[in-house]
$ cat input_14.cif   # mmCIF, C-alpha atoms
data_data
loop_
_atom_site.group_PDB
_atom_site.id
_atom_site.type_symbol
_atom_site.label_atom_id
_atom_site.label_comp_id
_atom_site.auth_asym_id
_atom_site.auth_seq_id
_atom_site.Cartn_x
_atom_site.Cartn_y
_atom_site.Cartn_z
ATOM 1 C CA MET A 1 -11.829 -65.242 11.654
ATOM 2 C CA LYS A 2 -8.817 -65.352 9.397
ATOM 3 C CA ALA A 3 -8.736 -69.112 8.874
ATOM 4 C CA GLY A 4 -12.448 -69.220 8.205
ATOM 5 C CA LEU A 5 -12.081 -66.568 5.523
ATOM 6 C CA LYS A 6 -9.287 -68.408 3.747
ATOM 7 C CA TYR A 7 -11.252 -71.641 3.962
ATOM 8 C CA THR A 8 -14.264 -69.825 2.482
ATOM 9 C CA LEU A 9 -12.143 -68.518 -0.388
ATOM 10 C CA GLY A 10 -10.765 -71.962 -1.077
ATOM 11 C CA ILE A 11 -14.231 -73.525 -1.179
ATOM 12 C CA PHE A 12 -15.511 -70.657 -3.376
ATOM 13 C CA PHE A 13 -12.628 -71.160 -5.798
ATOM 14 C CA ILE A 14 -13.296 -74.915 -5.895
ATOM 15 C CA GLY A 15 -16.999 -74.326 -6.386
ATOM 16 C CA VAL A 16 -16.568 -71.946 -9.308
ATOM 17 C CA CYS A 17 -14.149 -74.306 -11.041
ATOM 18 C CA CYS A 18 -16.477 -77.273 -10.539
ATOM 19 C CA TYR A 19 -19.524 -75.256 -11.587
ATOM 20 C CA SER A 20 -17.761 -74.380 -14.821
ATOM 21 C CA GLN A 21 -17.247 -78.076 -15.506
ATOM 22 C CA THR A 22 -20.898 -78.956 -15.023
ATOM 23 C CA GLN A 23 -22.321 -76.095 -17.069
ATOM 24 C CA SER A 24 -20.629 -76.725 -20.391
ATOM 25 C CA HIS A 25 -21.024 -79.860 -22.491
ATOM 26 C CA ASN A 26 -17.459 -79.301 -23.719
ATOM 27 C CA PHE A 27 -16.197 -80.218 -20.266
ATOM 28 C CA PHE A 28 -17.798 -83.636 -20.165
ATOM 29 C CA LYS A 29 -15.206 -85.581 -22.137
ATOM 30 C CA PRO A 30 -11.432 -85.100 -21.686
ATOM 31 C CA SER A 31 -9.364 -84.597 -24.806
ATOM 32 C CA ASP A 32 -7.233 -87.548 -25.931
ATOM 33 C CA SER A 33 -4.440 -85.201 -27.039
ATOM 34 C CA LEU A 34 -3.361 -81.660 -26.339
ATOM 35 C CA ASN A 35 -6.109 -79.215 -27.240
ATOM 36 C CA LYS A 36 -4.463 -75.804 -27.203
ATOM 37 C CA SER A 37 -7.714 -73.842 -27.231
ATOM 38 C CA ARG A 38 -8.956 -75.739 -24.205
ATOM 39 C CA ARG A 39 -5.615 -75.387 -22.430
ATOM 40 C CA ASN A 40 -5.497 -71.646 -23.070
ATOM 41 C CA ALA A 41 -9.100 -71.253 -21.889
ATOM 42 C CA VAL A 42 -8.236 -73.071 -18.665
ATOM 43 C CA ILE A 43 -5.137 -70.957 -18.012
ATOM 44 C CA ILE A 44 -6.910 -67.673 -18.722
ATOM 45 C CA SER A 45 -9.978 -68.633 -16.673
ATOM 46 C CA GLU A 46 -7.992 -69.764 -13.649
ATOM 47 C CA ALA A 47 -5.656 -66.782 -13.728
ATOM 48 C CA THR A 48 -8.580 -64.368 -14.066
ATOM 49 C CA LEU A 49 -10.593 -66.029 -11.301
ATOM 50 C CA ALA A 50 -7.615 -66.122 -8.944
ATOM 51 C CA GLY A 51 -6.709 -62.502 -9.726
ATOM 52 C CA ILE A 52 -10.248 -61.226 -9.174
ATOM 53 C CA THR A 53 -10.525 -63.179 -5.917
ATOM 54 C CA LEU A 54 -7.230 -61.837 -4.561
ATOM 55 C CA VAL A 55 -7.986 -58.249 -5.573
ATOM 56 C CA GLY A 56 -11.420 -58.520 -4.027
ATOM 57 C CA LEU A 57 -9.908 -59.931 -0.860
ATOM 58 C CA ASP A 58 -7.443 -57.065 -0.659
ATOM 59 C CA GLN A 59 -10.117 -54.416 -1.183
ATOM 60 C CA LEU A 60 -12.970 -55.918 0.811
ATOM 61 C CA TRP A 61 -11.046 -57.375 3.727
ATOM 62 C CA TYR A 62 -7.444 -56.321 4.266
ATOM 63 C CA LYS A 63 -7.934 -52.612 3.582
ATOM 64 C CA ASP A 64 -10.038 -52.371 6.761
ATOM 65 C CA TYR A 65 -7.031 -53.345 8.890
ATOM 66 C CA PRO A 66 -3.657 -51.588 9.358
ATOM 67 C CA ARG A 67 -0.783 -52.689 7.130
ATOM 68 C CA SER A 68 2.534 -53.705 8.650
ATOM 69 C CA LYS A 69 5.957 -54.985 7.808
ATOM 70 C CA PHE A 70 6.000 -58.639 6.826
ATOM 71 C CA HIS A 71 5.822 -60.751 9.963
ATOM 72 C CA THR A 72 4.955 -64.301 11.019
ATOM 73 C CA LEU A 73 2.393 -65.660 13.453
ATOM 74 C CA ASN A 74 2.307 -68.952 15.363
ATOM 75 C CA ASP A 75 -1.357 -70.004 15.411
ATOM 76 C CA ASN A 76 -0.786 -73.757 15.466
ATOM 77 C CA ASN A 77 -2.674 -74.235 18.731
ATOM 78 C CA GLU A 78 -5.825 -72.438 17.599
ATOM 79 C CA TRP A 79 -9.106 -74.336 17.151
ATOM 80 C CA LEU A 80 -7.542 -77.736 17.947
ATOM 81 C CA GLN A 81 -5.980 -77.734 14.446
ATOM 82 C CA MET A 82 -9.360 -77.771 12.683
ATOM 83 C CA ASP A 83 -8.337 -74.631 10.796
ATOM 84 C CA LYS A 84 -5.198 -76.396 9.588
ATOM 85 C CA LEU A 85 -7.239 -79.288 8.242
ATOM 86 C CA GLY A 86 -9.325 -76.715 6.370
ATOM 87 C CA HIS A 87 -6.121 -75.643 4.623
ATOM 88 C CA VAL A 88 -5.178 -79.248 3.837
ATOM 89 C CA PHE A 89 -8.650 -79.895 2.413
ATOM 90 C CA SER A 90 -8.738 -76.711 0.294
ATOM 91 C CA SER A 91 -5.249 -77.291 -1.085
ATOM 92 C CA TYR A 92 -6.036 -80.920 -1.933
ATOM 93 C CA GLN A 93 -9.362 -80.184 -3.616
ATOM 94 C CA LEU A 94 -8.074 -77.170 -5.565
ATOM 95 C CA GLY A 95 -5.107 -79.253 -6.705
ATOM 96 C CA LYS A 96 -7.437 -82.001 -7.860
ATOM 97 C CA VAL A 97 -9.578 -79.513 -9.799
ATOM 98 C CA GLY A 98 -6.473 -77.939 -11.333
ATOM 99 C CA SER A 99 -5.194 -81.326 -12.461
ATOM 100 C CA ASP A 100 -8.597 -82.460 -13.752
ATOM 101 C CA VAL A 101 -9.175 -79.420 -15.963
ATOM 102 C CA LEU A 102 -5.718 -79.820 -17.514
ATOM 103 C CA LYS A 103 -6.523 -83.483 -18.110
ATOM 104 C CA TRP A 104 -9.681 -82.291 -19.900
ATOM 105 C CA SER A 105 -7.393 -80.126 -22.043
ATOM 106 C CA GLY A 106 -5.268 -83.112 -23.047
ATOM 107 C CA VAL A 107 -2.203 -81.891 -21.137
ATOM 108 C CA SER A 108 0.365 -84.563 -20.269
ATOM 109 C CA LYS A 109 0.217 -86.253 -16.868
ATOM 110 C CA LYS A 110 3.515 -84.667 -15.852
ATOM 111 C CA ASN A 111 2.259 -81.174 -16.585
ATOM 112 C CA GLN A 112 -1.060 -81.895 -14.906
ATOM 113 C CA LEU A 113 0.850 -82.433 -11.683
ATOM 114 C CA ILE A 114 3.332 -79.580 -12.150
ATOM 115 C CA TYR A 115 0.895 -76.874 -13.224
ATOM 116 C CA GLY A 116 -2.476 -78.202 -12.098
ATOM 117 C CA ALA A 117 -2.027 -79.974 -8.777
ATOM 118 C CA THR A 118 -0.135 -76.966 -7.410
ATOM 119 C CA LEU A 119 -3.118 -74.644 -7.970
ATOM 120 C CA GLY A 120 -4.356 -74.779 -4.375
ATOM 121 C CA PHE A 121 -0.898 -74.351 -2.877
ATOM 122 C CA THR A 122 -0.163 -71.325 -5.084
ATOM 123 C CA PHE A 123 -3.481 -69.612 -4.418
ATOM 124 C CA LEU A 124 -3.416 -70.163 -0.653
ATOM 125 C CA THR A 125 0.230 -69.048 -0.475
ATOM 126 C CA ALA A 126 -0.746 -65.715 -2.048
ATOM 127 C CA VAL A 127 -3.431 -65.276 0.620
ATOM 128 C CA GLU A 128 -0.890 -66.158 3.302
ATOM 129 C CA VAL A 129 1.461 -63.442 2.040
ATOM 130 C CA PHE A 130 -1.387 -60.947 2.399
ATOM 131 C CA ASP A 131 -1.687 -62.054 6.017
ATOM 132 C CA GLY A 132 2.007 -61.439 6.500
ATOM 133 C CA PHE A 133 1.610 -57.750 5.643
ATOM 134 C CA SER A 134 -1.472 -57.281 7.829
ATOM 135 C CA ASN A 135 -1.006 -55.996 11.367
ATOM 136 C CA GLU A 136 -4.097 -57.954 12.432
ATOM 137 C CA TRP A 137 -2.638 -61.373 11.541
ATOM 138 C CA GLY A 138 0.618 -62.697 10.153
ATOM 139 C CA PHE A 139 2.201 -65.240 7.859
ATOM 140 C CA SER A 140 1.604 -68.690 9.378
ATOM 141 C CA TRP A 141 4.130 -71.438 8.769
ATOM 142 C CA GLY A 142 1.558 -73.861 10.142
ATOM 143 C CA ASP A 143 -0.825 -72.861 7.358
ATOM 144 C CA MET A 144 1.935 -73.280 4.797
ATOM 145 C CA ILE A 145 2.711 -76.785 6.072
ATOM 146 C CA ALA A 146 -0.983 -77.625 5.827
ATOM 147 C CA ASN A 147 -1.165 -76.234 2.273
ATOM 148 C CA THR A 148 1.860 -78.325 1.325
ATOM 149 C CA ALA A 149 0.343 -81.433 2.905
ATOM 150 C CA GLY A 150 -2.847 -81.051 0.875
ATOM 151 C CA MET A 151 -0.933 -80.684 -2.376
ATOM 152 C CA GLY A 152 1.414 -83.518 -1.403
ATOM 153 C CA MET A 153 -1.463 -85.860 -0.635
ATOM 154 C CA TYR A 154 -2.795 -85.496 -4.169
ATOM 155 C CA VAL A 155 0.525 -85.497 -6.032
ATOM 156 C CA GLY A 156 1.983 -88.312 -3.930
ATOM 157 C CA GLN A 157 -0.853 -90.694 -4.735
ATOM 158 C CA GLU A 158 -0.709 -89.894 -8.439
ATOM 159 C CA LEU A 159 3.019 -90.631 -8.483
ATOM 160 C CA LEU A 160 2.728 -93.768 -6.352
ATOM 161 C CA TRP A 161 -0.498 -95.335 -7.628
ATOM 162 C CA LYS A 162 -1.605 -93.190 -10.600
ATOM 163 C CA GLU A 163 -4.975 -92.822 -8.851
ATOM 164 C CA GLN A 164 -6.506 -91.395 -5.689
ATOM 165 C CA ARG A 165 -6.955 -94.378 -3.386
ATOM 166 C CA ILE A 166 -7.323 -92.171 -0.314
ATOM 167 C CA LEU A 167 -9.730 -89.269 -0.671
ATOM 168 C CA LEU A 168 -9.867 -86.215 1.579
ATOM 169 C CA LYS A 169 -13.513 -85.410 2.344
ATOM 170 C CA PHE A 170 -15.620 -83.038 4.413
ATOM 171 C CA SER A 171 -18.886 -83.241 6.334
ATOM 172 C CA PHE A 172 -20.821 -80.867 8.572
ATOM 173 C CA HIS A 173 -23.585 -80.875 11.178
ATOM 174 C CA GLN A 174 -25.044 -77.910 13.028
ATOM 175 C CA THR A 175 -24.075 -77.431 16.679
ATOM 176 C CA ARG A 176 -25.296 -75.394 19.648
ATOM 177 C CA PHE A 177 -22.050 -73.433 19.754
ATOM 178 C CA ALA A 178 -22.822 -71.188 16.779
ATOM 179 C CA ALA A 179 -25.886 -69.799 18.579
ATOM 180 C CA GLU A 180 -23.663 -68.826 21.533
ATOM 181 C CA ARG A 181 -21.332 -66.795 19.315
ATOM 182 C CA PRO A 182 -22.846 -66.219 15.863
ATOM 183 C CA ASP A 183 -20.474 -63.343 15.052
ATOM 184 C CA MET A 184 -17.539 -65.757 15.130
ATOM 185 C CA LEU A 185 -19.077 -69.129 14.283
ATOM 186 C CA GLY A 186 -21.716 -68.065 11.786
ATOM 187 C CA ASN A 187 -25.357 -67.079 11.690
ATOM 188 C CA GLY A 188 -27.368 -69.545 9.625
ATOM 189 C CA ILE A 189 -26.447 -72.839 8.001
ATOM 190 C CA LEU A 190 -24.388 -71.424 5.114
ATOM 191 C CA GLU A 191 -22.129 -69.343 7.373
ATOM 192 C CA GLU A 192 -21.875 -72.096 9.952
ATOM 193 C CA ILE A 193 -20.654 -74.649 7.406
ATOM 194 C CA LEU A 194 -17.664 -72.401 6.726
ATOM 195 C CA LYS A 195 -17.065 -70.928 10.183
ATOM 196 C CA ASP A 196 -18.196 -73.342 12.893
ATOM 197 C CA TYR A 197 -15.270 -75.680 13.433
ATOM 198 C CA ASN A 198 -17.328 -77.540 16.054
ATOM 199 C CA GLY A 199 -19.550 -79.013 13.350
ATOM 200 C CA GLN A 200 -16.895 -79.768 10.745
ATOM 201 C CA THR A 201 -15.367 -83.208 10.237
ATOM 202 C CA TYR A 202 -12.495 -84.032 7.905
ATOM 203 C CA TRP A 203 -12.166 -87.571 6.581
ATOM 204 C CA LEU A 204 -9.559 -89.827 5.052
ATOM 205 C CA SER A 205 -11.653 -92.122 2.877
ATOM 206 C CA PHE A 206 -9.871 -95.347 1.867
ATOM 207 C CA ASN A 207 -11.044 -97.255 -1.195
ATOM 208 C CA VAL A 208 -11.005 -100.931 -0.225
ATOM 209 C CA HIS A 209 -10.933 -102.433 -3.729
ATOM 210 C CA SER A 210 -7.950 -100.346 -4.858
ATOM 211 C CA PHE A 211 -5.845 -101.804 -2.028
ATOM 212 C CA PHE A 212 -7.218 -105.342 -2.341
ATOM 213 C CA LYS A 213 -7.734 -105.988 -6.038
ATOM 214 C CA GLN A 214 -9.002 -109.545 -5.471
ATOM 215 C CA SER A 215 -11.599 -108.376 -3.006
ATOM 216 C CA LYS A 216 -15.272 -108.904 -3.832
ATOM 217 C CA MET A 217 -16.095 -105.543 -2.297
ATOM 218 C CA PRO A 218 -17.821 -103.084 -4.677
ATOM 219 C CA LYS A 219 -15.281 -100.829 -6.357
ATOM 220 C CA TRP A 220 -17.004 -97.758 -4.872
ATOM 221 C CA PHE A 221 -16.921 -99.003 -1.254
ATOM 222 C CA ASN A 222 -14.738 -96.973 1.129
ATOM 223 C CA ILE A 223 -13.871 -97.013 4.810
ATOM 224 C CA ALA A 224 -13.406 -93.551 6.318
ATOM 225 C CA ILE A 225 -11.530 -92.247 9.355
ATOM 226 C CA GLY A 226 -12.603 -88.794 10.525
ATOM 227 C CA TYR A 227 -11.326 -86.076 12.836
ATOM 228 C CA GLY A 228 -13.352 -83.354 14.498
ATOM 229 C CA ALA A 229 -13.410 -81.171 17.610
ATOM 230 C CA GLU A 230 -16.005 -79.322 19.662
ATOM 231 C CA GLY A 231 -16.447 -77.082 22.691
ATOM 232 C CA MET A 232 -14.708 -74.166 20.966
ATOM 233 C CA LEU A 233 -16.123 -70.651 21.156
ATOM 234 C CA THR A 234 -12.786 -68.881 20.685
ATOM 235 C CA GLY A 235 -9.291 -69.570 19.459
ATOM 236 C CA GLU A 236 -6.881 -70.985 22.033
ATOM 237 C CA ASN A 237 -5.083 -67.653 22.480
ATOM 238 C CA SER A 238 -8.021 -65.322 21.889
ATOM 239 C CA ASP A 239 -8.277 -61.988 23.692
ATOM 240 C CA VAL A 240 -11.858 -62.858 24.736
ATOM 241 C CA ASN A 241 -11.052 -66.153 26.446
ATOM 242 C CA ASN A 242 -11.714 -64.439 29.789
ATOM 243 C CA ILE A 243 -15.324 -63.937 28.648
ATOM 244 C CA PHE A 244 -15.915 -67.486 27.429
ATOM 245 C CA ILE A 245 -14.405 -69.330 30.385
ATOM 246 C CA ASN A 246 -16.461 -72.540 30.375
ATOM 247 C CA GLN A 247 -15.209 -74.004 27.129
ATOM 248 C CA GLN A 248 -14.688 -77.766 27.195
ATOM 249 C CA ARG A 249 -12.548 -78.392 24.162
ATOM 250 C CA GLN A 250 -12.214 -81.964 23.014
ATOM 251 C CA ARG A 251 -10.999 -83.869 19.988
ATOM 252 C CA GLN A 252 -13.069 -86.568 18.305
ATOM 253 C CA LEU A 253 -12.168 -89.504 16.086
ATOM 254 C CA TYR A 254 -14.681 -91.255 13.842
ATOM 255 C CA LEU A 255 -14.907 -94.546 11.952
ATOM 256 C CA SER A 256 -17.481 -94.927 9.201
ATOM 257 C CA PHE A 257 -18.291 -96.211 5.731
ATOM 258 C CA ASP A 258 -18.234 -94.056 2.598
ATOM 259 C CA VAL A 259 -18.761 -94.113 -1.166
ATOM 260 C CA ASP A 260 -16.204 -93.120 -3.798
ATOM 261 C CA LEU A 261 -18.602 -91.613 -6.318
ATOM 262 C CA SER A 262 -15.903 -91.446 -8.998
ATOM 263 C CA ARG A 263 -15.787 -95.264 -9.110
ATOM 264 C CA ILE A 264 -19.485 -95.749 -9.835
ATOM 265 C CA LYS A 265 -19.826 -97.107 -13.378
ATOM 266 C CA THR A 266 -21.547 -94.849 -15.886
ATOM 267 C CA ASN A 267 -21.147 -94.102 -19.566
ATOM 268 C CA SER A 268 -22.367 -90.549 -19.073
ATOM 269 C CA HIS A 269 -19.589 -87.945 -18.950
ATOM 270 C CA PHE A 270 -22.142 -85.571 -17.437
ATOM 271 C CA LEU A 271 -22.786 -87.903 -14.488
ATOM 272 C CA ARG A 272 -19.067 -88.502 -14.055
ATOM 273 C CA THR A 273 -18.559 -84.770 -13.720
ATOM 274 C CA ILE A 274 -21.403 -84.486 -11.201
ATOM 275 C CA PHE A 275 -19.949 -87.382 -9.196
ATOM 276 C CA ASP A 276 -16.521 -85.708 -9.189
ATOM 277 C CA VAL A 277 -18.004 -82.448 -7.919
ATOM 278 C CA PHE A 278 -19.822 -84.064 -4.996
ATOM 279 C CA ASN A 279 -17.075 -86.569 -4.192
ATOM 280 C CA MET A 280 -15.476 -84.063 -1.819
ATOM 281 C CA ILE A 281 -18.420 -84.579 0.576
ATOM 282 C CA LYS A 282 -18.510 -87.582 2.905
ATOM 283 C CA VAL A 283 -21.665 -89.667 2.376
ATOM 284 C CA PRO A 284 -23.644 -89.965 5.657
ATOM 285 C CA PHE A 285 -23.471 -93.442 7.199
ATOM 286 C CA PRO A 286 -23.656 -95.064 10.647
ATOM 287 C CA THR A 287 -20.535 -93.930 12.497
ATOM 288 C CA LEU A 288 -18.564 -94.776 15.614
ATOM 289 C CA GLU A 289 -17.252 -91.792 17.590
ATOM 290 C CA PHE A 290 -14.306 -92.000 19.980
ATOM 291 C CA ASN A 291 -13.464 -89.269 22.503
ATOM 292 C CA ASP A 292 -12.074 -88.954 26.023
ATOM 293 C CA ARG A 293 -15.285 -87.629 27.596
ATOM 294 C CA ILE A 294 -17.884 -90.198 26.537
ATOM 295 C CA GLY A 295 -15.692 -93.030 25.287
ATOM 296 C CA ILE A 296 -17.410 -94.701 22.326
ATOM 297 C CA LYS A 297 -20.703 -93.496 20.844
ATOM 298 C CA LEU A 298 -22.692 -94.889 17.928
ATOM 299 C CA HIS A 299 -24.372 -92.446 15.547
ATOM 300 C CA GLY A 300 -27.184 -93.989 13.479
ATOM 301 C CA ILE A 301 -26.414 -91.501 10.686
ATOM 302 C CA TYR A 302 -23.580 -89.003 11.010
ATOM 303 C CA PHE A 303 -23.188 -85.846 8.961
#

$ encode --input "input_14.cif" --output "structure tokens"
Amino acid sequence: MKAGLKYTLGIFFIGVCCYSQTQSHNFFKPSDSLNKSRRNAVIISEATLAGITLVGLDQLWYKDYPRSKFHTLNDNNEWLQMDKLGHVFSSYQLGKVGSDVLKWSGVSKKNQLIYGATLGFTFLTAVEVFDGFSNEWGFSWGDMIANTAGMGMYVGQELLWKEQRILLKFSFHQTRFAAERPDMLGNGILEEILKDYNGQTYWLSFNVHSFFKQSKMPKWFNIAIGYGAEGMLTGENSDVNNIFINQQRQRQLYLSFDVDLSRIKTNSHFLRTIFDVFNMIKVPFPTLEFNDRIGIKLHGIYF
């Protein structure tokens, strides 16, 4: 699953960057002015990590498939666009990490956005170029639009509001579909989180207080709108659709509450870092689901 692999790489890259922040006391407090040693460490670390990941991808994945001339592929109708939202999410979160670590280095806000917030877009574009030279897949303009949207969502808010009032978050619950096709949708919870689009939900989480400054709502209180899909055992144009003929694909919309962990007051730079790491995950809450098949459904707690 090409999209699943790229999503996995994006999450891995995010995870390593975030892990680095939580494991060193030097990362807890951002520098008030440019710290060249920190900046250089960030640049070297990110370049090395990205290089190793791309080389590993080329050797462990693409070499098993025939090479080809550069070509494009239209996969916009696959997986009810859940794969595209994976690209948006990865690009947004990698851009946020890239900007945050440059902020820690004391780099100016302008350069944080130019060189940091573009991290996800740059990394995922390199992977997309690899696809373009693989006979098995192809360069997807839909993926590129999604990568751009993720970067644009972060940069746009920083330029407009100088803060992230709308967060892009992720949640997951196990489904019965993975057991029907574990080779494609994952075997076990860790694989399924990354591969089973049926259990993934992507959220736009709106911070109420940031939009209504006079509101008495807690500063961490958010309202979230989610999108998911289920009934998918194959891509829309898969060669094995004639085998899995009883798929009932459907889109789902969700309305729920959420918590912006970054707005919880604490004097501990360690806790702030931990909150930032986990703020990409939607906090489980009672949720309303809307879809064409069952209408409206209330979930007591939705993951």

$ closest_residue --input "input_14.cif" --among "A:Asp83, A:Asp143, A:Asp100, A:Asp58" --to "A:Pro30" --atoms "all atoms listed in the file"
A:Asp100

$ closest_residue --input "input_14.cif" --among "A:Ile114, A:Asn222, A:Leu94, A:Leu80" --to "A:Gln248" --atoms "all atoms listed in the file"
A:Leu80

$ closest_residue --input "input_14.cif" --among "A:Leu160, A:Leu255, A:Leu54, A:Met217" --to "A:Val129" --atoms "all atoms listed in the file"
A:Leu54

$ atom_distance --input "input_14.cif" --atom1 "atom CA of A:Asn207" --atom2 "atom CA of A:Thr287"
17.0 Å

$ closest_residue --input "input_14.cif" --among "A:Ser256, A:Ser105, A:Asn135, A:Ser45" --to "A:Ala224" --atoms "all atoms listed in the file"
A:Ser256

$ closest_residue --input "input_14.cif" --among "A:Ser108, A:Ser90, A:Leu73, A:Ser99" --to "A:Gly138" --atoms "only C-alpha atoms"
A:Leu73

$ closest_residue --input "input_14.cif" --among "A:Val97, A:Leu271, A:Met144, A:Ala179" --to "A:Gly132" --atoms "only C-alpha atoms"
A:Met144

$ resolve_selection --input "input_14.cif" --expression "the PyMOL selection byres ((chain A and resi 253) around 6)" --output "PyMOL selection string"
chain A and resi 226-227+252+254+289-290

$ residues_around --input "input_14.cif" --residues "A:Arg67" --least-positions-apart "2" --cutoff "12 Å" --atoms "only C-alpha atoms" --output "list in words"
Asp58, Trp61, Tyr62, Lys63, Asp64, Tyr65, Lys69, Phe70, His71, Phe130, Asp131, Gly132, Phe133, Ser134, Asn135, Glu136, Trp137 and Gly138 of chain A

$ atom_distance --input "input_14.cif" --atom1 "atom CA of A:Lys219" --atom2 "atom CA of A:Leu261"
9.8 Å

$ residues_around --input "input_14.cif" --residues "A:Arg38" --least-positions-apart "6" --cutoff "9 Å" --atoms "all atoms listed in the file" --output "list in words"
Ser31, Leu102, Trp104, Ser105 and Gly106 of chain A

$ residues_around --input "input_14.cif" --residues "A:Tyr154" --least-positions-apart "6" --cutoff "8 Å" --atoms "all atoms listed in the file" --output "list in words"
Tyr92, Gly95, Lys96, Ala117 and Gln164 of chain A

$ resolve_selection --input "input_14.cif" --expression "the PyMOL selection byres ((chain A and resi 88) around 12)" --output "count of residues only"
42

$ axis_aligned_box --input "input_14.cif" --around "stretch 80-91 of chain A" --padding-each-side "3 Å" --output "lines of an AutoDock Vina configuration file"
center_x = -7.3
center_y = -77.3
center_z = 8.4
size_x = 10.2
size_y = 11.3
size_z = 25.0

$ atom_distance --input "input_14.cif" --atom1 "atom CA of A:Thr201" --atom2 "atom CA of A:Lys282"
9.1 Å
